[in-house]
Amino acid sequence: MAEQDPEGLAAARPLLTDLYQATMALGYWRAGRARDPAEFELFFRRCPFGGAFALAAGLRDCVRFLRAFRLRDADVQFLASVLPPDTDPAFFEHLRALDCSGVTVRALPEGSLAFPGVPVLQVSGPLLVAQLLETPLLCLVSYASLIATNAARLRLIAGPEKRLMEMGLRRAQGPNGGLTASTYSYLGGFDSSSNILAGQLRGVPVAGTLAHSFVTSFSGTEVPPDPMLAPAAGQGPRVDLAAHVEVWLERVCAHLGLGVQEPHPGERAAFVAYALAFPRAFQGLLDTYSVQRSGLPNFLAVALALGELGYRAVGVRLDSGDLLRQAQEIRGLFRTTAAQFQVPWLELVPIAVSNNIDEEELARLAQMGSEVNVIGIGTSVVTCPRQPSLGCVYKLVSVGGQPRMKLTEDPEKQTLPGSKAAFRLLGSDGSLLLDLLQLAEEPPPQAGQELRVWPRGAQESCTLRPAHVEPLLRLWVQEGQLCEPLPSLAESRAFAQLSLNRLSAAHKRLEQPELYQVALSEKLQALVDRLSARGPP
């Protein structure tokens with residue numbers, strides 16, 4: 001499959017699981033229950049980061065994993081080495097024959113709003129196989145959804161106009177974590193990633209320019225092997241760019257009130273080298289030595305020299321200091337320089353910033369009057385420092401058509417029994433009222449019909465009359481076969497933004513938001529009450 005689909009290179013393997021899945025599999029097989037029809041639900045109990053929503057993500061990875069699921073001989077041999085030595089060899093033959101041809105998956109589309117208790121995935125199939133899928137599916141969904149939700153929060157803070165770039169690969173929890181973070185930060189609303197592999201395997205737009213090491217590697221004594229550059233239009237004589245930059249440097253320094261010796265010659269040589277390599281995508285990193293006395297004048301000299309040849313610099317980047325204040329100062333100097341040399345395009349050169357930007361600093365950079373255009377975020381998006389795990393769980397809800405419920409000392413950890421359907425109820429203005437869980441056997445709710453529901457955590461029922469009803473869970477895999485093409489990552493990203501736009505401002509508040517309601521149908525509530533009253537056997 002990896003040969004047909006480059007994303008297959010990133011697919012999980014069957015043994016990416018916990019040992020107790022294998023010990024339970026042996027127990028099911030020994031009890032003659034391996035093929036009992038069962039259903040599990042994957043969900044979370046609380047929204048992350050103290051918020052009131054999450055974005056569902058990871059479905060594409062789950063489907064890829066299920067369709068490729070097969071234990072190789074080496075996998076079975078390793079399981080034999082960690083299970084009791086007297087395990088019946090017939091069990092291992094059973095494992096060799098396993099695949100997901102009997103597995104059916106219903107799920108929220110990627111990019112959907114997800115709320116506590118509402119299944120992100122429903123997995124039905126033979127008990128042994130469905131149990132073996134628990135850990136890999138949790139691994140694939142939990143982190144992806146956490147990253148997408150974190151990215152969505154950062155997008156909400158930044159607003160729609162700022163361009164957000166994920167650049168956290170070097171800070172991520174390993175290569176797989178880095179690839180997942182780059183992928184699902186894009187789904188959650190970032191514009192691009194520095195991660196080339198995410199571009200190759202997942203189609204994430206990639207972006208990046210240069211680091212301080214490139215600048216400091218030049219001393220100023222280097223002679224470019226070919227300093228000549230042709231005009232952007234392709235017509236006219238080639239020009240010695242390095243010499244042209246020196247002419248412009250004198251004019252720029254005079255305008256800025258600087259001595260021509262103040263800008264660092266090595267930095268200028270680095271900018272010239274980069275401009276020769278990327279004349280149509282020149283960007284200057286300004287803070288290697290001094291922004292005002294070196295980085296900015298060197299950038300302006302190179303940018304204006306390129307401008308005379310018909311090229312336009314694409315931006316500058318700041319990576320230290322007071323980013324907001326410096327961006328405002330730089331924008332002011334861009335404007336005065338543009339007026340001085342009659343180059344209006346210079347006023348609009350984008351300003352990018354980076355340097356351990358968290359939610360608080362992002363809010364500062366996004367405020368009214370900020371001159372920042374592009375914001376690079378690494379650690380704060382890929383590590384989710386406010387909450388490192390979404391806490392998804394995968395619980396058995398039905399075996400042999402009979403509901404199952406976990407009764408526990410902690411009421412929050414009790415599960416909802418039975419095979420279920422989920423619906424989103426909307427008001428006449430399109431506002432989201434609540435998500436409704438009901439037994440799959442119940443007729444779906446109808447728009448305009450009065451419903452009595454039991455909000456979770458409430459002591460009493462309430463009635464409402466939805467103007468619109470939307471089913472939430474779609475059938476993606478039926479007995480191992482894909483039922484419809486999965487949306488592309490870009491399509492899921494667009495869907496995520498549409499989903500967030502439908503959520504009220506009160507629910508999108510990042511601090512002390514209004515909690516979104518999830519409710520049970522009367523029949524499902526009655527089943528919960530009956531099984532709870534029965535208690536443990």
# chains A, B, ... in the order shown; residues from 1 in each chain; ligands from 1
$ residues_around --residues "Gly125 (chain A)" --least-positions-apart "3" --cutoff "10 Å" --atoms "only C-alpha atoms" --output "VMD selection string"
chain A and resid 35 to 40 100 to 105 128 to 131 399 478 to 480
$ write_last_selection --atoms "all heavy atoms" --output "compact mmCIF listing (two decimals), in the first residue's frame"
# COMPACT_ATOMS: atom_id res chain seq x y z
N ARG A 35 -14.96 -14.40 17.62
CA ARG A 35 -15.78 -13.87 16.52
C ARG A 35 -17.11 -13.29 16.99
O ARG A 35 -17.97 -12.96 16.17
CB ARG A 35 -16.02 -14.97 15.48
CG ARG A 35 -14.74 -15.40 14.76
CD ARG A 35 -15.02 -16.40 13.65
NE ARG A 35 -13.84 -16.69 12.86
CZ ARG A 35 -12.91 -17.58 13.17
NH1 ARG A 35 -13.04 -18.31 14.27
NH2 ARG A 35 -11.85 -17.77 12.40
N ASP A 36 -17.32 -13.15 18.29
CA ASP A 36 -18.55 -12.52 18.77
C ASP A 36 -18.65 -11.10 18.22
O ASP A 36 -17.68 -10.33 18.28
CB ASP A 36 -18.55 -12.45 20.31
CG ASP A 36 -18.81 -13.79 20.97
OD1 ASP A 36 -18.90 -14.80 20.23
OD2 ASP A 36 -18.89 -13.83 22.21
N PRO A 37 -19.81 -10.73 17.69
CA PRO A 37 -19.95 -9.35 17.18
C PRO A 37 -19.90 -8.36 18.34
O PRO A 37 -20.57 -8.54 19.36
CB PRO A 37 -21.32 -9.35 16.49
CG PRO A 37 -22.06 -10.49 17.11
CD PRO A 37 -21.04 -11.53 17.48
N ALA A 38 -19.10 -7.33 18.18
CA ALA A 38 -18.91 -6.35 19.25
C ALA A 38 -18.85 -4.95 18.67
O ALA A 38 -18.58 -4.76 17.48
CB ALA A 38 -17.63 -6.65 20.03
N GLU A 39 -19.11 -3.97 19.52
CA GLU A 39 -18.98 -2.58 19.10
C GLU A 39 -18.28 -1.78 20.20
O GLU A 39 -18.59 -1.93 21.39
CB GLU A 39 -20.35 -1.96 18.81
CG GLU A 39 -20.25 -0.54 18.28
CD GLU A 39 -21.58 -0.02 17.75
OE1 GLU A 39 -22.40 -0.82 17.27
OE2 GLU A 39 -21.78 1.21 17.80
N PHE A 40 -17.33 -0.97 19.77
CA PHE A 40 -16.59 -0.08 20.66
C PHE A 40 -16.81 1.36 20.21
O PHE A 40 -17.06 1.62 19.03
CB PHE A 40 -15.09 -0.38 20.61
CG PHE A 40 -14.69 -1.69 21.24
CD1 PHE A 40 -14.84 -2.89 20.56
CD2 PHE A 40 -14.13 -1.72 22.52
CE1 PHE A 40 -14.44 -4.09 21.13
CE2 PHE A 40 -13.73 -2.91 23.10
CZ PHE A 40 -13.90 -4.11 22.41
N CYS A 100 -8.95 -6.87 8.78
CA CYS A 100 -10.11 -6.06 9.18
C CYS A 100 -11.26 -6.17 8.19
O CYS A 100 -12.06 -5.23 8.06
CB CYS A 100 -9.68 -4.61 9.36
SG CYS A 100 -8.66 -4.34 10.83
N SER A 101 -11.34 -7.31 7.51
CA SER A 101 -12.42 -7.48 6.52
C SER A 101 -13.79 -7.56 7.18
O SER A 101 -14.81 -7.39 6.50
CB SER A 101 -12.17 -8.75 5.69
OG SER A 101 -12.09 -9.89 6.52
N GLY A 102 -13.83 -7.79 8.49
CA GLY A 102 -15.12 -7.82 9.18
C GLY A 102 -15.39 -6.56 10.00
O GLY A 102 -16.36 -6.52 10.76
N VAL A 103 -14.56 -5.54 9.82
CA VAL A 103 -14.66 -4.34 10.67
C VAL A 103 -15.42 -3.23 9.93
O VAL A 103 -15.18 -2.97 8.75
CB VAL A 103 -13.26 -3.84 11.06
CG1 VAL A 103 -13.34 -2.49 11.76
CG2 VAL A 103 -12.58 -4.86 11.96
N THR A 104 -16.32 -2.59 10.66
CA THR A 104 -17.08 -1.45 10.14
C THR A 104 -16.79 -0.23 11.02
O THR A 104 -16.73 -0.35 12.26
CB THR A 104 -18.59 -1.76 10.14
OG1 THR A 104 -18.85 -2.81 9.18
CG2 THR A 104 -19.42 -0.54 9.79
N VAL A 105 -16.62 0.93 10.38
CA VAL A 105 -16.28 2.15 11.11
C VAL A 105 -17.24 3.26 10.71
O VAL A 105 -17.40 3.57 9.52
CB VAL A 105 -14.83 2.61 10.83
CG1 VAL A 105 -14.55 3.96 11.50
CG2 VAL A 105 -13.84 1.56 11.31
N LEU A 128 -12.39 -10.06 19.00
CA LEU A 128 -10.93 -10.13 19.14
C LEU A 128 -10.25 -9.04 18.32
O LEU A 128 -9.37 -8.34 18.81
CB LEU A 128 -10.43 -11.52 18.74
CG LEU A 128 -8.96 -11.83 18.92
CD1 LEU A 128 -8.74 -13.32 19.16
CD2 LEU A 128 -8.11 -11.39 17.74
N VAL A 129 -10.66 -8.90 17.07
CA VAL A 129 -10.03 -7.91 16.21
C VAL A 129 -10.33 -6.50 16.70
O VAL A 129 -9.44 -5.64 16.79
CB VAL A 129 -10.50 -8.08 14.75
CG1 VAL A 129 -9.97 -6.94 13.88
CG2 VAL A 129 -10.05 -9.41 14.20
N ALA A 130 -11.59 -6.23 17.03
CA ALA A 130 -11.96 -4.89 17.47
C ALA A 130 -11.21 -4.51 18.74
O ALA A 130 -10.87 -3.34 18.94
CB ALA A 130 -13.47 -4.82 17.70
N GLN A 131 -10.94 -5.50 19.60
CA GLN A 131 -10.16 -5.22 20.81
C GLN A 131 -8.71 -4.88 20.46
O GLN A 131 -8.12 -3.95 21.02
CB GLN A 131 -10.18 -6.43 21.74
CG GLN A 131 -9.44 -6.23 23.05
CD GLN A 131 -10.19 -5.29 23.97
OE1 GLN A 131 -11.26 -5.63 24.48
NE2 GLN A 131 -9.65 -4.09 24.19
N VAL A 399 -21.98 -6.28 22.93
CA VAL A 399 -21.47 -7.59 22.51
C VAL A 399 -22.66 -8.48 22.18
O VAL A 399 -23.60 -8.59 22.98
CB VAL A 399 -20.62 -8.27 23.61
CG1 VAL A 399 -20.18 -9.67 23.17
CG2 VAL A 399 -19.40 -7.45 23.95
N GLN A 478 -17.11 -0.32 5.67
CA GLN A 478 -18.09 -1.37 5.94
C GLN A 478 -17.48 -2.72 5.61
O GLN A 478 -17.11 -2.99 4.48
CB GLN A 478 -19.36 -1.16 5.12
CG GLN A 478 -20.48 -2.14 5.49
CD GLN A 478 -21.82 -1.70 4.97
OE1 GLN A 478 -21.90 -1.04 3.93
NE2 GLN A 478 -22.90 -2.02 5.67
N GLU A 479 -17.32 -3.52 6.66
CA GLU A 479 -16.69 -4.83 6.54
C GLU A 479 -15.40 -4.75 5.71
O GLU A 479 -15.19 -5.49 4.76
CB GLU A 479 -17.67 -5.84 5.96
CG GLU A 479 -18.87 -6.03 6.88
CD GLU A 479 -19.68 -7.27 6.55
OE1 GLU A 479 -19.46 -7.85 5.48
OE2 GLU A 479 -20.53 -7.63 7.39
N GLY A 480 -14.57 -3.81 6.12
CA GLY A 480 -13.25 -3.69 5.53
C GLY A 480 -13.15 -2.89 4.25
O GLY A 480 -12.05 -2.60 3.79
$ residues_around --residues "Asn373 (chain A)" --least-positions-apart "5" --cutoff "7 Å" --atoms "only C-alpha atoms" --output "PDB file with all heavy atoms, in the first residue's frame"
ATOM      1  N   LYS A 162      -3.691  37.080   9.878  1.00  0.00           N
ATOM      2  CA  LYS A 162      -2.288  36.710  10.089  1.00  0.00           C
ATOM      3  C   LYS A 162      -2.012  35.331   9.480  1.00  0.00           C
ATOM      4  O   LYS A 162      -2.832  34.418   9.588  1.00  0.00           O
ATOM      5  CB  LYS A 162      -1.950  36.667  11.582  1.00  0.00           C
ATOM      6  CG  LYS A 162      -2.276  37.922  12.360  1.00  0.00           C
ATOM      7  CD  LYS A 162      -1.462  39.123  11.921  1.00  0.00           C
ATOM      8  CE  LYS A 162      -1.749  40.324  12.794  1.00  0.00           C
ATOM      9  NZ  LYS A 162      -1.147  41.558  12.282  1.00  0.00           N
ATOM     10  N   ARG A 163      -0.853  35.190   8.854  1.00  0.00           N
ATOM     11  CA  ARG A 163      -0.447  33.884   8.340  1.00  0.00           C
ATOM     12  C   ARG A 163       0.317  33.147   9.438  1.00  0.00           C
ATOM     13  O   ARG A 163       1.263  33.687  10.026  1.00  0.00           O
ATOM     14  CB  ARG A 163       0.399  34.032   7.078  1.00  0.00           C
ATOM     15  CG  ARG A 163      -0.346  34.700   5.934  1.00  0.00           C
ATOM     16  CD  ARG A 163       0.193  34.289   4.572  1.00  0.00           C
ATOM     17  NE  ARG A 163       1.597  34.596   4.393  1.00  0.00           N
ATOM     18  CZ  ARG A 163       2.079  35.766   3.993  1.00  0.00           C
ATOM     19  NH1 ARG A 163       1.245  36.772   3.775  1.00  0.00           N
ATOM     20  NH2 ARG A 163       3.376  35.949   3.825  1.00  0.00           N
ATOM     21  N   PRO A 350       6.109  41.883   3.705  1.00  0.00           N
ATOM     22  CA  PRO A 350       5.624  41.205   4.914  1.00  0.00           C
ATOM     23  C   PRO A 350       6.701  41.088   5.984  1.00  0.00           C
ATOM     24  O   PRO A 350       7.882  40.893   5.700  1.00  0.00           O
ATOM     25  CB  PRO A 350       5.210  39.822   4.399  1.00  0.00           C
ATOM     26  CG  PRO A 350       4.970  40.008   2.936  1.00  0.00           C
ATOM     27  CD  PRO A 350       5.955  41.043   2.499  1.00  0.00           C
ATOM     28  N   ILE A 351       6.264  41.198   7.233  1.00  0.00           N
ATOM     29  CA  ILE A 351       7.150  41.037   8.387  1.00  0.00           C
ATOM     30  C   ILE A 351       6.750  39.760   9.113  1.00  0.00           C
ATOM     31  O   ILE A 351       5.603  39.616   9.551  1.00  0.00           O
ATOM     32  CB  ILE A 351       7.042  42.239   9.333  1.00  0.00           C
ATOM     33  CG1 ILE A 351       7.463  43.520   8.599  1.00  0.00           C
ATOM     34  CG2 ILE A 351       7.906  42.030  10.581  1.00  0.00           C
ATOM     35  CD1 ILE A 351       7.245  44.790   9.416  1.00  0.00           C
ATOM     36  N   ALA A 352       7.700  38.839   9.215  1.00  0.00           N
ATOM     37  CA  ALA A 352       7.473  37.568   9.906  1.00  0.00           C
ATOM     38  C   ALA A 352       8.214  37.579  11.233  1.00  0.00           C
ATOM     39  O   ALA A 352       9.287  38.193  11.360  1.00  0.00           O
ATOM     40  CB  ALA A 352       7.956  36.401   9.048  1.00  0.00           C
TER      41      ALA A 352
END
$ residues_around --residues "Ala458 (chain A)" --least-positions-apart "4" --cutoff "10 Å" --atoms "only C-alpha atoms" --output "PDB file with all heavy atoms, in the first residue's frame"
ATOM      1  N   TRP A 454     -32.361  14.413  27.802  1.00  0.00           N
ATOM      2  CA  TRP A 454     -31.729  14.477  29.117  1.00  0.00           C
ATOM      3  C   TRP A 454     -30.308  15.023  28.953  1.00  0.00           C
ATOM      4  O   TRP A 454     -29.392  14.293  28.578  1.00  0.00           O
ATOM      5  CB  TRP A 454     -31.680  13.098  29.759  1.00  0.00           C
ATOM      6  CG  TRP A 454     -33.033  12.606  30.194  1.00  0.00           C
ATOM      7  CD1 TRP A 454     -33.988  12.050  29.411  1.00  0.00           C
ATOM      8  CD2 TRP A 454     -33.567  12.659  31.516  1.00  0.00           C
ATOM      9  NE1 TRP A 454     -35.099  11.740  30.142  1.00  0.00           N
ATOM     10  CE2 TRP A 454     -34.868  12.097  31.463  1.00  0.00           C
ATOM     11  CE3 TRP A 454     -33.087  13.122  32.744  1.00  0.00           C
ATOM     12  CZ2 TRP A 454     -35.686  11.992  32.576  1.00  0.00           C
ATOM     13  CZ3 TRP A 454     -33.911  12.997  33.868  1.00  0.00           C
ATOM     14  CH2 TRP A 454     -35.183  12.451  33.781  1.00  0.00           C
ATOM     15  N   CYS A 462     -35.486  18.018  29.532  1.00  0.00           N
ATOM     16  CA  CYS A 462     -36.022  19.258  28.991  1.00  0.00           C
ATOM     17  C   CYS A 462     -36.568  18.969  27.598  1.00  0.00           C
ATOM     18  O   CYS A 462     -36.296  17.911  27.017  1.00  0.00           O
ATOM     19  CB  CYS A 462     -34.964  20.349  28.939  1.00  0.00           C
ATOM     20  SG  CYS A 462     -33.597  20.004  27.802  1.00  0.00           S
ATOM     21  N   ALA A 519     -26.800  15.711  25.051  1.00  0.00           N
ATOM     22  CA  ALA A 519     -27.971  15.156  25.729  1.00  0.00           C
ATOM     23  C   ALA A 519     -28.241  13.729  25.257  1.00  0.00           C
ATOM     24  O   ALA A 519     -27.805  13.315  24.176  1.00  0.00           O
ATOM     25  CB  ALA A 519     -29.198  16.037  25.485  1.00  0.00           C
TER      26      ALA A 519
END
$ residues_around --residues "Glu371 (chain A)" --least-positions-apart "4" --cutoff "8 Å" --atoms "only C-alpha atoms" --output "PyMOL selection string"
chain A and resi 324+327-328+331+351
$ write_last_selection --atoms "all heavy atoms" --output "PDB file, in the first residue's frame"
ATOM      1  N   LEU A 324       6.742  42.829  18.647  1.00  0.00           N
ATOM      2  CA  LEU A 324       5.696  43.786  18.276  1.00  0.00           C
ATOM      3  C   LEU A 324       6.290  45.169  18.030  1.00  0.00           C
ATOM      4  O   LEU A 324       6.020  45.811  17.001  1.00  0.00           O
ATOM      5  CB  LEU A 324       4.638  43.847  19.380  1.00  0.00           C
ATOM      6  CG  LEU A 324       3.490  44.826  19.148  1.00  0.00           C
ATOM      7  CD1 LEU A 324       2.631  44.381  17.975  1.00  0.00           C
ATOM      8  CD2 LEU A 324       2.646  44.974  20.413  1.00  0.00           C
ATOM      9  N   ALA A 327       8.576  45.248  14.914  1.00  0.00           N
ATOM     10  CA  ALA A 327       7.819  45.194  13.664  1.00  0.00           C
ATOM     11  C   ALA A 327       7.227  46.558  13.328  1.00  0.00           C
ATOM     12  O   ALA A 327       7.214  46.982  12.166  1.00  0.00           O
ATOM     13  CB  ALA A 327       6.716  44.135  13.761  1.00  0.00           C
ATOM     14  N   GLN A 328       6.744  47.267  14.352  1.00  0.00           N
ATOM     15  CA  GLN A 328       6.186  48.602  14.113  1.00  0.00           C
ATOM     16  C   GLN A 328       7.276  49.571  13.646  1.00  0.00           C
ATOM     17  O   GLN A 328       7.050  50.381  12.729  1.00  0.00           O
ATOM     18  CB  GLN A 328       5.519  49.112  15.392  1.00  0.00           C
ATOM     19  CG  GLN A 328       4.245  48.341  15.749  1.00  0.00           C
ATOM     20  CD  GLN A 328       3.732  48.641  17.143  1.00  0.00           C
ATOM     21  OE1 GLN A 328       4.497  49.024  18.032  1.00  0.00           O
ATOM     22  NE2 GLN A 328       2.440  48.436  17.357  1.00  0.00           N
ATOM     23  N   ARG A 331       8.229  48.667  10.025  1.00  0.00           N
ATOM     24  CA  ARG A 331       7.207  49.101   9.070  1.00  0.00           C
ATOM     25  C   ARG A 331       7.318  50.607   8.830  1.00  0.00           C
ATOM     26  O   ARG A 331       7.198  51.084   7.683  1.00  0.00           O
ATOM     27  CB  ARG A 331       5.804  48.757   9.577  1.00  0.00           C
ATOM     28  CG  ARG A 331       4.677  49.158   8.631  1.00  0.00           C
ATOM     29  CD  ARG A 331       4.689  48.332   7.354  1.00  0.00           C
ATOM     30  NE  ARG A 331       4.349  46.950   7.627  1.00  0.00           N
ATOM     31  CZ  ARG A 331       4.700  45.931   6.865  1.00  0.00           C
ATOM     32  NH1 ARG A 331       5.430  46.125   5.771  1.00  0.00           N
ATOM     33  NH2 ARG A 331       4.354  44.689   7.178  1.00  0.00           N
ATOM     34  N   ILE A 351       6.264  41.198   7.233  1.00  0.00           N
ATOM     35  CA  ILE A 351       7.150  41.037   8.387  1.00  0.00           C
ATOM     36  C   ILE A 351       6.750  39.760   9.113  1.00  0.00           C
ATOM     37  O   ILE A 351       5.603  39.616   9.551  1.00  0.00           O
ATOM     38  CB  ILE A 351       7.042  42.239   9.333  1.00  0.00           C
ATOM     39  CG1 ILE A 351       7.463  43.520   8.599  1.00  0.00           C
ATOM     40  CG2 ILE A 351       7.906  42.030  10.581  1.00  0.00           C
ATOM     41  CD1 ILE A 351       7.245  44.790   9.416  1.00  0.00           C
TER      42      ILE A 351
END
$ closest_residue --among "A:Ala207, A:Ala56, A:Ala242, A:Leu348" --to "Cys392 (chain A)" --atoms "only C-alpha atoms"
A:Ala56
$ atom_distance --atom1 "CA of Leu55 (chain A)" --atom2 "CA of Ser142 (chain A)"
10.5 Å
$ atom_distance --atom1 "CA of Ala232 (chain A)" --atom2 "CA of Ala281 (chain A)"
11.9 Å
$ atom_distance --atom1 "CA of Gly284 (chain A)" --atom2 "CA of Asp191 (chain A)"
20.4 Å
$ select_by_dssp --residues "region 329-445 of chain A" --states "strand (DSSP E)" --output "PyMOL selection string"
chain A and resi 351-353+374-377+393-399+402-403+420-426+432-439
$ write_last_selection --atoms "N, CA and C atoms" --output "short mmCIF file (atom, residue, chain, number, x, y, z; two decimals), in the first residue's frame"
data_model
loop_
_atom_site.label_atom_id
_atom_site.label_comp_id
_atom_site.auth_asym_id
_atom_site.auth_seq_id
_atom_site.Cartn_x
_atom_site.Cartn_y
_atom_site.Cartn_z
N ILE A 351 6.26 41.20 7.23
CA ILE A 351 7.15 41.04 8.39
C ILE A 351 6.75 39.76 9.11
N ALA A 352 7.70 38.84 9.21
CA ALA A 352 7.47 37.57 9.91
C ALA A 352 8.21 37.58 11.23
N VAL A 353 7.62 36.91 12.24
CA VAL A 353 8.26 36.84 13.56
C VAL A 353 8.21 35.40 14.07
N VAL A 374 3.27 37.54 9.39
CA VAL A 374 3.47 36.09 9.44
C VAL A 374 4.04 35.74 10.80
N ILE A 375 3.47 34.70 11.43
CA ILE A 375 3.89 34.30 12.77
C ILE A 375 4.28 32.84 12.75
N GLY A 376 5.52 32.55 13.08
CA GLY A 376 6.01 31.18 13.14
C GLY A 376 5.94 30.67 14.57
N ILE A 377 5.27 29.53 14.75
CA ILE A 377 5.09 28.95 16.10
C ILE A 377 5.59 27.52 16.07
N VAL A 393 -10.68 7.72 25.11
CA VAL A 393 -10.86 6.35 25.59
C VAL A 393 -11.61 5.55 24.53
N TYR A 394 -11.53 4.23 24.64
CA TYR A 394 -12.12 3.30 23.66
C TYR A 394 -12.85 2.26 24.48
N LYS A 395 -14.18 2.31 24.47
CA LYS A 395 -14.95 1.50 25.40
C LYS A 395 -15.94 0.58 24.68
N LEU A 396 -16.07 -0.61 25.22
CA LEU A 396 -17.03 -1.58 24.71
C LEU A 396 -18.44 -1.15 25.07
N VAL A 397 -19.34 -1.10 24.08
CA VAL A 397 -20.72 -0.69 24.35
C VAL A 397 -21.73 -1.79 24.01
N SER A 398 -21.27 -2.82 23.26
CA SER A 398 -22.21 -3.86 22.87
C SER A 398 -21.45 -5.13 22.51
N VAL A 399 -21.98 -6.28 22.93
CA VAL A 399 -21.47 -7.59 22.51
C VAL A 399 -22.66 -8.48 22.18
N GLN A 402 -26.10 -7.12 22.67
CA GLN A 402 -26.53 -6.77 24.02
C GLN A 402 -25.69 -5.60 24.54
N PRO A 403 -26.34 -4.60 25.12
CA PRO A 403 -25.58 -3.43 25.59
C PRO A 403 -24.66 -3.79 26.74
N LYS A 420 -25.19 3.27 19.19
CA LYS A 420 -25.84 4.57 19.23
C LYS A 420 -25.74 5.32 17.90
N ALA A 421 -26.64 6.27 17.74
CA ALA A 421 -26.57 7.27 16.68
C ALA A 421 -26.40 8.63 17.33
N ALA A 422 -25.85 9.57 16.59
CA ALA A 422 -25.61 10.92 17.13
C ALA A 422 -26.12 11.95 16.13
N PHE A 423 -26.73 13.00 16.66
CA PHE A 423 -27.31 14.05 15.82
C PHE A 423 -26.97 15.41 16.42
N ARG A 424 -26.85 16.40 15.54
CA ARG A 424 -26.65 17.78 15.97
C ARG A 424 -27.96 18.53 15.71
N LEU A 425 -28.49 19.15 16.75
CA LEU A 425 -29.76 19.87 16.64
C LEU A 425 -29.48 21.36 16.52
N LEU A 426 -30.14 22.01 15.57
CA LEU A 426 -29.89 23.42 15.28
C LEU A 426 -31.16 24.23 15.39
N LEU A 432 -26.12 26.23 16.82
CA LEU A 432 -26.03 24.87 17.35
C LEU A 432 -26.69 24.84 18.73
N LEU A 433 -27.68 23.95 18.89
CA LEU A 433 -28.40 23.85 20.16
C LEU A 433 -27.74 22.82 21.07
N LEU A 434 -27.57 21.60 20.59
CA LEU A 434 -26.93 20.54 21.36
C LEU A 434 -26.69 19.34 20.46
N ASP A 435 -25.89 18.41 20.94
CA ASP A 435 -25.70 17.12 20.28
C ASP A 435 -26.51 16.08 21.04
N LEU A 436 -27.22 15.25 20.30
CA LEU A 436 -28.11 14.24 20.88
C LEU A 436 -27.57 12.85 20.60
N LEU A 437 -27.45 12.05 21.67
CA LEU A 437 -27.11 10.64 21.53
C LEU A 437 -28.36 9.82 21.79
N GLN A 438 -28.60 8.84 20.92
CA GLN A 438 -29.74 7.95 21.11
C GLN A 438 -29.36 6.55 20.65
N LEU A 439 -30.17 5.58 21.00
CA LEU A 439 -29.91 4.22 20.56
C LEU A 439 -30.10 4.12 19.06
#
$ residues_around --residues "region 236-241 of chain A" --least-positions-apart "6" --cutoff "10 Å" --atoms "only C-alpha atoms" --output "count of residues only"
15
$ closest_residue --among "A:Gln342, A:Gln446, A:Asn355, A:Ser219" --to "Gly307 (chain A)" --atoms "only C-alpha atoms"
A:Gln342
$ select_by_dssp --residues "region 54-277 of chain A" --states "helix (DSSP H, G or I)" --output "NGL selection string"
:A and (59-68 or 73-82 or 89-96 or 127-132 or 134-158 or 169-171 or 174-187 or 196-202 or 212-216 or 241-256 or 265-277)
$ closest_residue --among "A:Ser488, A:Ser217, A:Leu346, A:Pro385" --to "Asp61 (chain A)" --atoms "only C-alpha atoms"
A:Ser488
$ decode --residues "region 344-357 of chain A" --atoms "C-alpha atoms" --output "compact mmCIF listing (two decimals), in the first residue's frame"
# COMPACT_ATOMS: atom_id res chain seq x y z
CA PRO A 344 5.83 51.94 -3.05
CA TRP A 345 6.06 48.12 -3.00
CA LEU A 346 8.54 48.35 -0.11
CA GLU A 347 5.82 49.61 2.25
CA LEU A 348 4.02 46.27 1.99
CA VAL A 349 6.93 43.85 2.45
CA PRO A 350 5.62 41.21 4.91
CA ILE A 351 7.15 41.04 8.39
CA ALA A 352 7.47 37.57 9.91
CA VAL A 353 8.26 36.84 13.56
CA SER A 354 9.20 33.80 15.62
CA ASN A 355 10.76 33.01 19.03
CA ASN A 356 8.87 30.78 21.51
CA ILE A 357 5.51 32.39 20.77
